[in-house]
file entry_23.pdb (PDB, C-alpha atoms)
ATOM      1  CA  MET Z   1    -250.712  39.775  63.059
ATOM      2  CA  LYS Z   2    -251.483  36.108  63.349
ATOM      3  CA  ALA Z   3    -249.600  33.498  61.309
ATOM      4  CA  ARG Z   4    -252.825  32.483  59.607
ATOM      5  CA  ASN Z   5    -253.451  36.024  58.315
ATOM      6  CA  LYS Z   6    -249.861  36.244  57.040
ATOM      7  CA  ARG Z   7    -250.314  33.013  55.072
ATOM      8  CA  ILE Z   8    -253.560  34.245  53.551
ATOM      9  CA  ILE Z   9    -251.932  37.529  52.497
ATOM     10  CA  LEU Z  10    -248.948  35.683  50.993
ATOM     11  CA  ALA Z  11    -251.284  33.320  49.135
ATOM     12  CA  LEU Z  12    -253.257  36.270  47.718
ATOM     13  CA  ILE Z  13    -250.045  38.011  46.633
ATOM     14  CA  GLY Z  14    -248.866  34.768  44.982
ATOM     15  CA  LEU Z  15    -252.166  34.264  43.154
ATOM     16  CA  THR Z  16    -252.114  37.873  41.975
ATOM     17  CA  ALA Z  17    -248.560  37.473  40.640
ATOM     18  CA  VAL Z  18    -249.446  34.238  38.831
ATOM     19  CA  GLY Z  19    -252.566  35.878  37.361
ATOM     20  CA  MET Z  20    -250.583  38.855  36.098
ATOM     21  CA  ALA Z  21    -247.919  36.598  34.568
ATOM     22  CA  ALA Z  22    -250.582  34.528  32.800
ATOM     23  CA  TYR Z  23    -252.257  37.695  31.490
ATOM     24  CA  LEU Z  24    -248.958  39.028  30.120
ATOM     25  CA  ALA Z  25    -248.132  35.691  28.461
ATOM     26  CA  ILE Z  26    -251.554  35.424  26.820
ATOM     27  CA  SER Z  27    -251.373  39.045  25.622
ATOM     28  CA  ALA Z  28    -247.958  38.462  24.053
ATOM     29  CA  LEU Z  29    -249.161  35.296  22.311
ATOM     30  CA  ARG Z  30    -252.311  36.979  21.035
ATOM     31  CA  ASN Z  31    -250.272  39.767  19.449
ATOM     32  CA  ASN Z  32    -247.949  37.326  17.668
ATOM     33  CA  ILE Z  33    -250.505  34.862  16.295
ATOM     34  CA  ALA Z  34    -250.908  34.929  12.535
ATOM     35  CA  TYR Z  35    -253.696  32.699  11.244
ATOM     36  CA  PHE Z  36    -253.468  31.011   7.830
ATOM     37  CA  PHE Z  37    -255.994  31.659   5.064
ATOM     38  CA  SER Z  38    -256.245  30.435   1.491
ATOM     39  CA  PRO Z  39    -257.192  32.773  -1.391
ATOM     40  CA  SER Z  40    -260.713  31.295  -1.431
ATOM     41  CA  GLN Z  41    -261.138  32.100   2.253
ATOM     42  CA  VAL Z  42    -259.782  35.630   1.776
ATOM     43  CA  LEU Z  43    -262.221  36.321  -1.066
ATOM     44  CA  ALA Z  44    -265.066  34.852   1.026
ATOM     45  CA  ASN Z  45    -264.297  37.605   3.588
ATOM     46  CA  GLU Z  46    -263.140  35.110   6.230
ATOM     47  CA  ALA Z  47    -259.783  36.869   6.658
ATOM     48  CA  PRO Z  48    -259.574  39.962   8.856
ATOM     49  CA  ILE Z  49    -259.002  43.296   7.105
ATOM     50  CA  GLY Z  50    -256.182  45.240   8.723
ATOM     51  CA  ALA Z  51    -254.912  42.354  10.907
ATOM     52  CA  THR Z  52    -251.778  40.326  10.209
ATOM     53  CA  PHE Z  53    -252.317  36.824   8.829
ATOM     54  CA  ARG Z  54    -250.641  34.326   6.525
ATOM     55  CA  LEU Z  55    -251.789  33.782   2.946
ATOM     56  CA  GLY Z  56    -250.648  30.668   1.166
ATOM     57  CA  GLY Z  57    -251.052  28.845  -2.098
ATOM     58  CA  LEU Z  58    -249.250  28.680  -5.408
ATOM     59  CA  VAL Z  59    -247.640  31.594  -7.219
ATOM     60  CA  GLU Z  60    -249.753  31.873 -10.362
ATOM     61  CA  LYS Z  61    -247.756  31.304 -13.532
ATOM     62  CA  GLY Z  62    -247.262  34.451 -15.564
ATOM     63  CA  SER Z  63    -248.310  36.766 -12.734
ATOM     64  CA  LEU Z  64    -244.919  37.860 -11.377
ATOM     65  CA  ARG Z  65    -244.202  41.515 -12.103
ATOM     66  CA  ARG Z  66    -241.009  43.219 -10.889
ATOM     67  CA  HIS Z  67    -240.626  46.981 -10.659
ATOM     68  CA  ASN Z  68    -237.406  48.131 -12.331
ATOM     69  CA  ASP Z  69    -236.665  51.010  -9.980
ATOM     70  CA  SER Z  70    -237.193  49.222  -6.627
ATOM     71  CA  LEU Z  71    -237.416  45.868  -4.875
ATOM     72  CA  LYS Z  72    -241.202  45.923  -5.195
ATOM     73  CA  VAL Z  73    -242.793  42.847  -6.770
ATOM     74  CA  GLU Z  74    -246.390  41.924  -7.447
ATOM     75  CA  PHE Z  75    -247.818  38.479  -8.070
ATOM     76  CA  PHE Z  76    -250.955  36.428  -7.554
ATOM     77  CA  VAL Z  77    -251.332  33.647  -4.988
ATOM     78  CA  THR Z  78    -253.873  31.027  -6.025
ATOM     79  CA  ASP Z  79    -255.416  27.891  -4.561
ATOM     80  CA  LEU Z  80    -256.502  26.877  -8.072
ATOM     81  CA  ALA Z  81    -260.004  28.191  -7.401
ATOM     82  CA  GLN Z  82    -259.406  31.847  -6.512
ATOM     83  CA  LYS Z  83    -256.466  34.235  -6.608
ATOM     84  CA  VAL Z  84    -255.351  37.185  -4.493
ATOM     85  CA  PRO Z  85    -252.950  39.923  -5.657
ATOM     86  CA  VAL Z  86    -249.867  40.235  -3.439
ATOM     87  CA  VAL Z  87    -247.542  43.232  -3.154
ATOM     88  CA  TYR Z  88    -244.132  42.713  -1.552
ATOM     89  CA  THR Z  89    -241.148  45.007  -1.208
ATOM     90  CA  GLY Z  90    -237.915  43.211  -0.435
ATOM     91  CA  ILE Z  91    -235.644  40.436  -1.597
ATOM     92  CA  LEU Z  92    -237.490  37.275  -2.554
ATOM     93  CA  PRO Z  93    -236.170  33.877  -1.426
ATOM     94  CA  ASP Z  94    -233.862  32.162  -3.928
ATOM     95  CA  LEU Z  95    -236.349  29.323  -4.445
ATOM     96  CA  PHE Z  96    -239.281  31.643  -5.147
ATOM     97  CA  LYS Z  97    -240.729  31.089  -8.617
ATOM     98  CA  GLU Z  98    -244.008  30.878 -10.455
ATOM     99  CA  GLY Z  99    -246.003  27.681 -10.073
ATOM    100  CA  GLN Z 100    -244.445  26.879  -6.680
ATOM    101  CA  GLY Z 101    -245.882  26.913  -3.165
ATOM    102  CA  VAL Z 102    -245.554  30.071  -1.119
ATOM    103  CA  VAL Z 103    -246.655  31.407   2.258
ATOM    104  CA  THR Z 104    -246.767  35.166   2.745
ATOM    105  CA  LYS Z 105    -247.357  37.053   5.973
ATOM    106  CA  GLY Z 106    -248.889  40.504   5.996
ATOM    107  CA  ARG Z 107    -252.145  42.416   5.879
ATOM    108  CA  LEU Z 108    -255.082  42.689   3.514
ATOM    109  CA  GLY Z 109    -255.559  46.230   2.304
ATOM    110  CA  THR Z 110    -258.906  47.899   1.754
ATOM    111  CA  ASP Z 111    -258.138  47.728  -1.987
ATOM    112  CA  GLY Z 112    -258.246  43.901  -1.907
ATOM    113  CA  ARG Z 113    -254.490  43.508  -2.298
ATOM    114  CA  PHE Z 114    -252.397  41.583   0.216
ATOM    115  CA  TYR Z 115    -249.400  43.615   1.415
ATOM    116  CA  ALA Z 116    -246.788  41.081   2.473
ATOM    117  CA  ASP Z 117    -244.118  41.739   5.084
ATOM    118  CA  SER Z 118    -242.419  38.391   4.425
ATOM    119  CA  VAL Z 119    -242.453  35.705   1.754
ATOM    120  CA  LEU Z 120    -241.518  32.082   2.379
ATOM    121  CA  ALA Z 121    -240.913  29.700  -0.503
ATOM    122  CA  LYS Z 122    -240.706  25.936  -0.403
ATOM    123  CA  HIS Z 123    -237.212  24.550   0.100
ATOM    124  CA  ASP Z 124    -237.188  21.517  -2.186
ATOM    125  CA  GLU Z 125    -239.279  19.861  -4.838
ATOM    126  CA  THR Z 126    -241.266  17.554  -2.561
ATOM    127  CA  TYR Z 127    -242.093  20.010   0.227
ATOM    128  CA  MET Z 128    -245.151  22.172   0.378
ATOM    129  CA  PRO Z 129    -246.183  24.058   3.525
ATOM    130  CA  PRO Z 130    -248.816  21.943   5.327
ATOM    131  CA  GLU Z 131    -251.386  24.736   5.259
ATOM    132  CA  VAL Z 132    -250.985  25.174   1.500
ATOM    133  CA  ALA Z 133    -251.285  21.436   0.853
ATOM    134  CA  ALA Z 134    -254.434  21.210   3.001
ATOM    135  CA  SER Z 135    -255.917  24.257   1.277
ATOM    136  CA  LEU Z 136    -255.274  22.829  -2.181
ATOM    137  CA  LYS Z 137    -256.740  19.460  -1.176
ATOM    138  CA  THR Z 138    -259.867  21.163   0.179
ATOM    139  CA  THR Z 139    -260.224  23.206  -3.014
ATOM    140  CA  HIS Z 140    -259.913  20.134  -5.197
ATOM    141  CA  LYS Z 141    -262.494  18.264  -3.100
ATOM    142  CA  LEU Z 142    -264.879  21.198  -3.475
ATOM    143  CA  LYS Z 143    -264.275  21.290  -7.220
ATOM    144  CA  ASP Z 144    -264.792  17.514  -7.521
ATOM    145  CA  THR Z 145    -268.099  17.576  -5.635
ATOM    146  CA  ARG Z 146    -269.483  20.355  -7.819
ATOM    147  CA  LYS Z 147    -269.145  18.313 -11.023
TER
END
call {"tool": "encode", "arguments": {"input": "entry_23.pdb", "output": "structure tokens"}}
result
Amino acid sequence: MKARNKRIILALIGLTAVGMAAYLAISALRNNIAYFFSPSQVLANEAPIGATFRLGGLVEKGSLRRHNDSLKVEFFVTDLAQKVPVVYTGILPDLFKEGQGVVTKGRLGTDGRFYADSVLAKHDETYMPPEVAASLKTTHKLKDTRK
């Protein structure tokens, strides 16, 4: 076999290996991406049903309901325009409370409820997750232009 043919074969093997590595990396990233949606977007059917995504906003005051016999809690997440019911089973963060910013990650059920796998609460009084702040600003702009 000529040296030129060997180089061509090695180059093809190298390109194939790089292509396979890129495919595996993109597949892994695609499976771990969780897009952010506000309650208004969820109720406008922009969020995927059955796929994992993040839902953020404020925990509606007076909506937190704890089940006595389990770690299951239910509450509403609102962007001050719309609200989505959230069901979560687990220990809530210490800073979780009504009227505060929250980001939940989970899936939207066919019943319209969001089944959260994790709940993240803000960590101090000045912080709000960037997605939640942007969502609330957008909602307020929409409300202001409708007047």
call {"tool": "atom_distance", "arguments": {"input": "entry_23.pdb", "atom1": "atom CA of Leu95 of chain Z", "atom2": "atom CA of Lys61 of chain Z"}}
result
14.7 Å
call {"tool": "resolve_selection", "arguments": {"input": "entry_23.pdb", "expression": "the PyMOL selection byres ((chain Z and resi 62) around 9)", "output": "ChimeraX atom specification"}}
result
/Z:59-61,63-65,75,98-99
call {"tool": "write_last_selection", "arguments": {"input": "entry_23.pdb", "atoms": "C-alpha atoms", "output": "PDB file, in the frame of the given file"}}
result
ATOM      1  CA  VAL Z  59    -247.640  31.594  -7.219  1.00  0.00           C
ATOM      2  CA  GLU Z  60    -249.753  31.873 -10.362  1.00  0.00           C
ATOM      3  CA  LYS Z  61    -247.756  31.304 -13.532  1.00  0.00           C
ATOM      4  CA  SER Z  63    -248.310  36.766 -12.734  1.00  0.00           C
ATOM      5  CA  LEU Z  64    -244.919  37.860 -11.377  1.00  0.00           C
ATOM      6  CA  ARG Z  65    -244.202  41.515 -12.103  1.00  0.00           C
ATOM      7  CA  PHE Z  75    -247.818  38.479  -8.070  1.00  0.00           C
ATOM      8  CA  GLU Z  98    -244.008  30.878 -10.455  1.00  0.00           C
ATOM      9  CA  GLY Z  99    -246.003  27.681 -10.073  1.00  0.00           C
TER      10      GLY Z  99
END
call {"tool": "residues_around", "arguments": {"input": "entry_23.pdb", "residues": "Phe37 of chain Z", "least_positions_apart": "4", "cutoff": "7 Å", "atoms": "only C-alpha atoms", "output": "NGL selection string"}}
result
:Z and (41-42 or 47 or 54-56)
call {"tool": "write_last_selection", "arguments": {"input": "entry_23.pdb", "atoms": "C-alpha atoms", "output": "compact mmCIF listing (two decimals), keeping the file's coordinate frame"}}
result
# COMPACT_ATOMS: atom_id res chain seq x y z
CA GLN Z 41 -261.14 32.10 2.25
CA VAL Z 42 -259.78 35.63 1.78
CA ALA Z 47 -259.78 36.87 6.66
CA ARG Z 54 -250.64 34.33 6.52
CA LEU Z 55 -251.79 33.78 2.95
CA GLY Z 56 -250.65 30.67 1.17
call {"tool": "residues_around", "arguments": {"input": "entry_23.pdb", "residues": "Pro39 of chain Z", "least_positions_apart": "5", "cutoff": "10 Å", "atoms": "all atoms listed in the file", "output": "ChimeraX atom specification"}}
result
/Z:44-47,55-58,76-85,135
call {"tool": "atom_distance", "arguments": {"input": "entry_23.pdb", "atom1": "atom CA of Thr52 of chain Z", "atom2": "atom CA of Ser40 of chain Z"}}
result
17.2 Å
call {"tool": "resolve_selection", "arguments": {"input": "entry_23.pdb", "expression": "the PyMOL selection byres ((chain Z and resi 50) around 12)", "output": "mmCIF file with C-alpha atoms, in the coordinates of the input"}}
result
data_model
loop_
_atom_site.group_PDB
_atom_site.id
_atom_site.type_symbol
_atom_site.label_atom_id
_atom_site.label_comp_id
_atom_site.auth_asym_id
_atom_site.auth_seq_id
_atom_site.Cartn_x
_atom_site.Cartn_y
_atom_site.Cartn_z
ATOM 1 C CA ALA Z 47 -259.783 36.869 6.658
ATOM 2 C CA PRO Z 48 -259.574 39.962 8.856
ATOM 3 C CA ILE Z 49 -259.002 43.296 7.105
ATOM 4 C CA ALA Z 51 -254.912 42.354 10.907
ATOM 5 C CA THR Z 52 -251.778 40.326 10.209
ATOM 6 C CA PHE Z 53 -252.317 36.824 8.829
ATOM 7 C CA GLY Z 106 -248.889 40.504 5.996
ATOM 8 C CA ARG Z 107 -252.145 42.416 5.879
ATOM 9 C CA LEU Z 108 -255.082 42.689 3.514
ATOM 10 C CA GLY Z 109 -255.559 46.230 2.304
ATOM 11 C CA THR Z 110 -258.906 47.899 1.754
ATOM 12 C CA ASP Z 111 -258.138 47.728 -1.987
ATOM 13 C CA GLY Z 112 -258.246 43.901 -1.907
ATOM 14 C CA ARG Z 113 -254.490 43.508 -2.298
ATOM 15 C CA PHE Z 114 -252.397 41.583 0.216
ATOM 16 C CA TYR Z 115 -249.400 43.615 1.415
#
call {"tool": "atom_distance", "arguments": {"input": "entry_23.pdb", "atom1": "atom CA of Asn5 of chain Z", "atom2": "atom CA of Tyr23 of chain Z"}}
result
26.9 Å
call {"tool": "residues_around", "arguments": {"input": "entry_23.pdb", "residues": "His67 of chain Z", "least_positions_apart": "6", "cutoff": "10 Å", "atoms": "all atoms listed in the file", "output": "PyMOL selection string"}}
result
chain Z and resi 73-74+89
